[in-house]
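Comments concern the structure below.
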Amino acid sequence: MRRSIGLAAACWWLVLALGALGIGVRDTAPTPGGAVLCLLLILAPTALALPAGRALLIPLWALETIVAWALLGALLMLVDPIALGRGLAFLLLLPAAFGALASPSLLLAAWFAPSRAGAIRRRGYLCAALPVGLLLLRALDALGVLTALLFCLLSFLTALLIWSIQRQSGTEAGMGADPATSDVVTAPLPQSAALSSPASAVLSRPVIALGARGRLD
């Protein structure tokens, strides 16, 4: 894992260095610098996402992270949004930004809580929806102070509702396990002690004497 972190950090550092030097950034024609940037933009997220996806046995989640980061980096470093047009640029940018902002949940699930990967993934998507939703409102020229506050409030209420539903389902699952436990505890026990007590012993051949002499068979 340390090698993966080091490789990813080195790739991102090279991307920033080439971008600062202007090598391959938004070239009008294919250049070696642009090819190197494309390779680095794919290799950098792959170095972290691929080991995490293998650890969680969820390769599609790792592929989603790699594609999102590679597409976002290509849009920012290699493509001129003015040349694409505003509509097409936002159409490509929003899904890439959504996947990239939700991708930290992959690393958190792989490193800290693999057994809760599904819940962490849903929370990552929910957290990424807030900035992407604000960006969508900006693309529609509908972003204002009141609109942003209402959208943040709606996102908070949605997160609270999902959390309450998950908590309630967990409580019901815990209550459903109690009857099985009680059945095991209160199972009837064999009454061998009662059969072995002297008071329950039965005489097989009683002897009856009715004022007679001798023994009656």
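Identifiers in this document derive from the order of the structure tokens: chains are assigned A, B, ..., residues are numbered from 1 separately in each chain, and ligands are numbered from 1 in order of occurrence.
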Checklist entry - Gly6 in chain A: which residues within 12 Å, counting only C-alpha atoms, same-chain residues fewer than 5 positions away excluded, as a list in words? => result Met1, Cys11, Trp12, Trp13, Ala44, Pro45, Ala47 and Leu48 of chain A
Save out the residues we just selected, N, CA, C and O atoms, as an mmCIF file, in the first residue's frame.
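Output file out34.cif is given in full below:
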```
data_model
loop_
_atom_site.group_PDB
_atom_site.id
_atom_site.type_symbol
_atom_site.label_atom_id
_atom_site.label_comp_id
_atom_site.auth_asym_id
_atom_site.auth_seq_id
_atom_site.Cartn_x
_atom_site.Cartn_y
_atom_site.Cartn_z
ATOM 1 N N MET A 1 0.823 -1.208 0.000
ATOM 2 C CA MET A 1 0.000 0.000 0.000
ATOM 3 C C MET A 1 0.861 1.263 0.000
ATOM 4 O O MET A 1 0.501 2.273 -0.594
ATOM 5 N N CYS A 11 2.883 10.661 -9.375
ATOM 6 C CA CYS A 11 2.156 10.966 -10.620
ATOM 7 C C CYS A 11 1.448 12.320 -10.526
ATOM 8 O O CYS A 11 1.511 13.129 -11.473
ATOM 9 N N TRP A 12 0.785 12.577 -9.413
ATOM 10 C CA TRP A 12 0.109 13.862 -9.277
ATOM 11 C C TRP A 12 1.104 15.017 -9.229
ATOM 12 O O TRP A 12 0.819 16.111 -9.742
ATOM 13 N N TRP A 13 2.259 14.789 -8.622
ATOM 14 C CA TRP A 13 3.278 15.842 -8.590
ATOM 15 C C TRP A 13 3.773 16.150 -10.002
ATOM 16 O O TRP A 13 3.953 17.326 -10.365
ATOM 17 N N ALA A 44 -2.285 7.893 -12.114
ATOM 18 C CA ALA A 44 -2.366 8.425 -10.755
ATOM 19 C C ALA A 44 -3.558 7.873 -9.970
ATOM 20 O O ALA A 44 -3.378 7.365 -8.850
ATOM 21 N N PRO A 45 -4.794 7.926 -10.480
ATOM 22 C CA PRO A 45 -5.885 7.325 -9.707
ATOM 23 C C PRO A 45 -5.845 5.798 -9.675
ATOM 24 O O PRO A 45 -6.324 5.178 -8.723
ATOM 25 N N ALA A 47 -3.270 3.915 -9.280
ATOM 26 C CA ALA A 47 -2.344 3.442 -8.258
ATOM 27 C C ALA A 47 -3.019 3.258 -6.906
ATOM 28 O O ALA A 47 -2.617 2.388 -6.124
ATOM 29 N N LEU A 48 -4.040 4.037 -6.613
ATOM 30 C CA LEU A 48 -4.741 3.904 -5.337
ATOM 31 C C LEU A 48 -6.045 3.132 -5.461
ATOM 32 O O LEU A 48 -6.402 2.352 -4.576
#
```
Item to check | Which of range 10-163 of chain A DSSP labels helix (DSSP H, G or I), written as a VMD selection string | outcome: chain A and resid 10 to 21 32 to 56 59 to 77 81 to 84 86 to 102 104 to 111 114 to 139 145 to 163
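Distance-wise, CA of Pro114 in chain A and CA of Gly133 in chain A end up 28.5 Å apart.
Omitting Arg138 in chain A and its sequence neighbours fewer than 4 positions away, and counting only C-alpha atoms, the residues within 12 Å are A:Arg86, A:Gly87, A:Phe90, A:Leu94, A:Pro131, A:Val132, A:Gly133, A:Leu134, A:Ala142, A:Leu143, A:Gly144, A:Val145, A:Thr147, A:Ala148.
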Only all heavy atoms, please: the residues just picked out, written as a tab-separated table (two decimals), in the first residue's frame.
```
chain	number	residue	atom	x	y	z
A	86	ARG	N	-20.45	25.63	-23.46
A	86	ARG	CA	-20.82	25.58	-22.05
A	86	ARG	C	-21.67	24.35	-21.71
A	86	ARG	O	-21.44	23.69	-20.70
A	86	ARG	CB	-21.58	26.86	-21.68
A	86	ARG	CG	-21.99	26.91	-20.22
A	86	ARG	CD	-22.58	28.24	-19.88
A	86	ARG	NE	-22.99	28.29	-18.49
A	86	ARG	CZ	-23.47	29.37	-17.88
A	86	ARG	NH1	-23.58	30.50	-18.58
A	86	ARG	NH2	-23.81	29.33	-16.62
A	87	GLY	N	-22.64	24.06	-22.55
A	87	GLY	CA	-23.52	22.94	-22.27
A	87	GLY	C	-22.78	21.61	-22.25
A	87	GLY	O	-22.91	20.81	-21.31
A	90	PHE	N	-20.26	21.34	-19.19
A	90	PHE	CA	-20.90	20.99	-17.93
A	90	PHE	C	-21.45	19.57	-17.96
A	90	PHE	O	-21.45	18.87	-16.93
A	90	PHE	CB	-22.01	21.98	-17.61
A	90	PHE	CG	-21.53	23.21	-16.89
A	90	PHE	CD1	-21.48	24.43	-17.54
A	90	PHE	CD2	-21.13	23.15	-15.57
A	90	PHE	CE1	-21.04	25.56	-16.88
A	90	PHE	CE2	-20.68	24.28	-14.90
A	90	PHE	CZ	-20.63	25.49	-15.56
A	94	LEU	N	-19.87	17.49	-14.78
A	94	LEU	CA	-20.65	17.14	-13.60
A	94	LEU	C	-20.53	15.66	-13.21
A	94	LEU	O	-20.28	15.36	-12.04
A	94	LEU	CB	-22.12	17.53	-13.83
A	94	LEU	CG	-22.40	19.03	-13.87
A	94	LEU	CD1	-23.88	19.29	-14.16
A	94	LEU	CD2	-22.00	19.70	-12.58
A	131	PRO	N	-21.80	19.59	-3.45
A	131	PRO	CA	-21.08	20.52	-4.34
A	131	PRO	C	-21.47	20.35	-5.80
A	131	PRO	O	-21.50	21.34	-6.55
A	131	PRO	CB	-19.61	20.17	-4.10
A	131	PRO	CG	-19.62	18.80	-3.55
A	131	PRO	CD	-20.86	18.66	-2.77
A	132	VAL	N	-21.77	19.12	-6.22
A	132	VAL	CA	-22.16	18.92	-7.62
A	132	VAL	C	-23.52	19.56	-7.89
A	132	VAL	O	-23.75	20.14	-8.96
A	132	VAL	CB	-22.18	17.41	-7.95
A	132	VAL	CG1	-22.75	17.17	-9.34
A	132	VAL	CG2	-20.77	16.85	-7.88
A	133	GLY	N	-24.43	19.49	-6.91
A	133	GLY	CA	-25.72	20.16	-7.08
A	133	GLY	C	-25.58	21.67	-7.17
A	133	GLY	O	-26.26	22.32	-7.98
A	134	LEU	N	-24.70	22.23	-6.35
A	134	LEU	CA	-24.45	23.68	-6.44
A	134	LEU	C	-23.83	24.05	-7.79
A	134	LEU	O	-24.16	25.10	-8.36
A	134	LEU	CB	-23.53	24.12	-5.30
A	134	LEU	CG	-24.11	23.98	-3.88
A	134	LEU	CD1	-23.07	24.35	-2.84
A	134	LEU	CD2	-25.36	24.85	-3.72
A	142	ALA	N	-29.01	29.54	-11.87
A	142	ALA	CA	-30.04	29.61	-10.83
A	142	ALA	C	-29.44	29.64	-9.44
A	142	ALA	O	-30.15	29.43	-8.46
A	142	ALA	CB	-30.98	28.41	-10.95
A	143	LEU	N	-28.15	29.87	-9.35
A	143	LEU	CA	-27.48	29.85	-8.06
A	143	LEU	C	-27.53	31.23	-7.42
A	143	LEU	O	-27.05	32.21	-7.98
A	143	LEU	CB	-26.02	29.40	-8.21
A	143	LEU	CG	-25.23	29.25	-6.91
A	143	LEU	CD1	-25.87	28.20	-6.01
A	143	LEU	CD2	-23.78	28.92	-7.21
A	144	GLY	N	-28.14	31.30	-6.26
A	144	GLY	CA	-28.20	32.52	-5.46
A	144	GLY	C	-28.02	32.16	-3.99
A	144	GLY	O	-27.89	30.99	-3.62
A	145	VAL	N	-28.03	33.16	-3.16
A	145	VAL	CA	-27.84	32.92	-1.73
A	145	VAL	C	-28.98	32.09	-1.17
A	145	VAL	O	-28.79	31.08	-0.47
A	145	VAL	CB	-27.71	34.26	-0.98
A	145	VAL	CG1	-27.57	34.01	0.52
A	145	VAL	CG2	-26.50	35.04	-1.49
A	147	THR	N	-31.17	30.23	-2.82
A	147	THR	CA	-31.19	28.92	-3.46
A	147	THR	C	-30.14	27.99	-2.88
A	147	THR	O	-30.39	26.80	-2.64
A	147	THR	CB	-30.98	29.06	-4.97
A	147	THR	OG1	-31.92	30.00	-5.50
A	147	THR	CG2	-31.17	27.74	-5.67
A	148	ALA	N	-28.96	28.53	-2.63
A	148	ALA	CA	-27.89	27.71	-2.05
A	148	ALA	C	-28.25	27.26	-0.63
A	148	ALA	O	-28.01	26.10	-0.26
A	148	ALA	CB	-26.59	28.50	-2.03
```
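Within the 7 Å cut-off around range 26-38 of chain A, using only C-alpha atoms and omitting residues fewer than 2 positions from it on the same chain, the listed residues are Val15, Ile23, Gly24, Leu40, Leu41, Ile42, Ala74, Met77, Leu78, Val79 and Asp80 of chain A.
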Can you spit out the residues from that selection as a short mmCIF file (atom, residue, chain, number, x, y, z; two decimals), in the first residue's frame, using all heavy atoms?
```cif
data_model
loop_
_atom_site.label_atom_id
_atom_site.label_comp_id
_atom_site.auth_asym_id
_atom_site.auth_seq_id
_atom_site.Cartn_x
_atom_site.Cartn_y
_atom_site.Cartn_z
N VAL A 15 2.04 15.72 -12.74
CA VAL A 15 0.95 16.41 -13.43
C VAL A 15 0.96 17.90 -13.09
O VAL A 15 0.83 18.76 -13.99
CB VAL A 15 -0.40 15.77 -13.06
CG1 VAL A 15 -1.57 16.65 -13.53
CG2 VAL A 15 -0.53 14.39 -13.66
N ILE A 23 3.44 22.36 -20.26
CA ILE A 23 3.79 21.30 -21.21
C ILE A 23 2.57 20.42 -21.43
O ILE A 23 2.06 19.78 -20.51
CB ILE A 23 4.97 20.46 -20.67
CG1 ILE A 23 6.20 21.35 -20.49
CG2 ILE A 23 5.27 19.31 -21.60
CD1 ILE A 23 7.38 20.62 -19.86
N GLY A 24 2.08 20.38 -22.65
CA GLY A 24 0.95 19.53 -23.00
C GLY A 24 -0.40 20.03 -22.55
O GLY A 24 -1.40 19.33 -22.70
N LEU A 40 -0.32 10.02 -17.22
CA LEU A 40 -0.24 10.30 -15.79
C LEU A 40 -1.63 10.45 -15.16
O LEU A 40 -1.85 10.01 -14.03
CB LEU A 40 0.57 11.58 -15.55
CG LEU A 40 2.07 11.49 -15.85
CD1 LEU A 40 2.71 12.87 -15.71
CD2 LEU A 40 2.75 10.49 -14.93
N LEU A 41 -2.56 11.04 -15.90
CA LEU A 41 -3.91 11.22 -15.37
C LEU A 41 -4.64 9.90 -15.20
O LEU A 41 -5.59 9.81 -14.40
CB LEU A 41 -4.71 12.15 -16.29
CG LEU A 41 -4.27 13.61 -16.29
CD1 LEU A 41 -5.03 14.39 -17.36
CD2 LEU A 41 -4.49 14.24 -14.92
N ILE A 42 -4.24 8.90 -15.95
CA ILE A 42 -4.82 7.55 -15.78
C ILE A 42 -4.07 6.76 -14.71
O ILE A 42 -4.68 6.05 -13.89
CB ILE A 42 -4.81 6.80 -17.12
CG1 ILE A 42 -5.70 7.51 -18.13
CG2 ILE A 42 -5.28 5.36 -16.92
CD1 ILE A 42 -5.63 6.92 -19.53
N ALA A 74 -8.52 15.30 -17.53
CA ALA A 74 -8.42 15.62 -18.96
C ALA A 74 -9.21 16.88 -19.29
O ALA A 74 -8.76 17.70 -20.11
CB ALA A 74 -8.92 14.44 -19.78
N MET A 77 -7.06 19.84 -17.78
CA MET A 77 -5.70 20.05 -18.25
C MET A 77 -5.57 20.05 -19.77
O MET A 77 -4.72 20.75 -20.32
CB MET A 77 -4.79 18.96 -17.68
CG MET A 77 -4.75 18.89 -16.16
SD MET A 77 -3.91 20.30 -15.39
CE MET A 77 -2.25 20.03 -15.95
N LEU A 78 -6.39 19.27 -20.45
CA LEU A 78 -6.17 19.06 -21.88
C LEU A 78 -7.21 19.70 -22.78
O LEU A 78 -6.94 19.91 -23.97
CB LEU A 78 -6.13 17.55 -22.18
CG LEU A 78 -5.07 16.75 -21.41
CD1 LEU A 78 -5.20 15.27 -21.73
CD2 LEU A 78 -3.67 17.26 -21.73
N VAL A 79 -8.40 19.97 -22.26
CA VAL A 79 -9.51 20.42 -23.10
C VAL A 79 -9.86 21.86 -22.74
O VAL A 79 -9.92 22.23 -21.56
CB VAL A 79 -10.74 19.51 -22.92
CG1 VAL A 79 -11.89 19.99 -23.78
CG2 VAL A 79 -10.38 18.08 -23.28
N ASP A 80 -10.09 22.65 -23.75
CA ASP A 80 -10.54 24.02 -23.56
C ASP A 80 -12.07 24.03 -23.46
O ASP A 80 -12.76 23.67 -24.41
CB ASP A 80 -10.09 24.89 -24.74
CG ASP A 80 -10.38 26.36 -24.50
OD1 ASP A 80 -10.84 26.70 -23.40
OD2 ASP A 80 -10.12 27.16 -25.43
#
```
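The nearest approach to Trp61 in chain A among the residues A:Ala49, A:Ala10, A:Ala96, A:Ala139, with only C-alpha atoms taken into account, belongs to A:Ala49.
The closest residue to Leu91 in chain A, picked from A:Ala52, A:Ser164, A:Leu140, A:Ser4 and counting only C-alpha atoms, is A:Leu140.
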Item to check | Within 10 Å of Ala129 in chain A using only C-alpha atoms, minus same-chain residues under 2 positions, as a PyMOL selection string | outcome: chain A and resi 97-99+101-102+123-127+131-135+155
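Distances here use only C-alpha atoms; by that measure, the residue among A:Ala68, A:Leu88, A:Leu160, A:Leu75 closest to Thr46 in chain A is A:Ala68.
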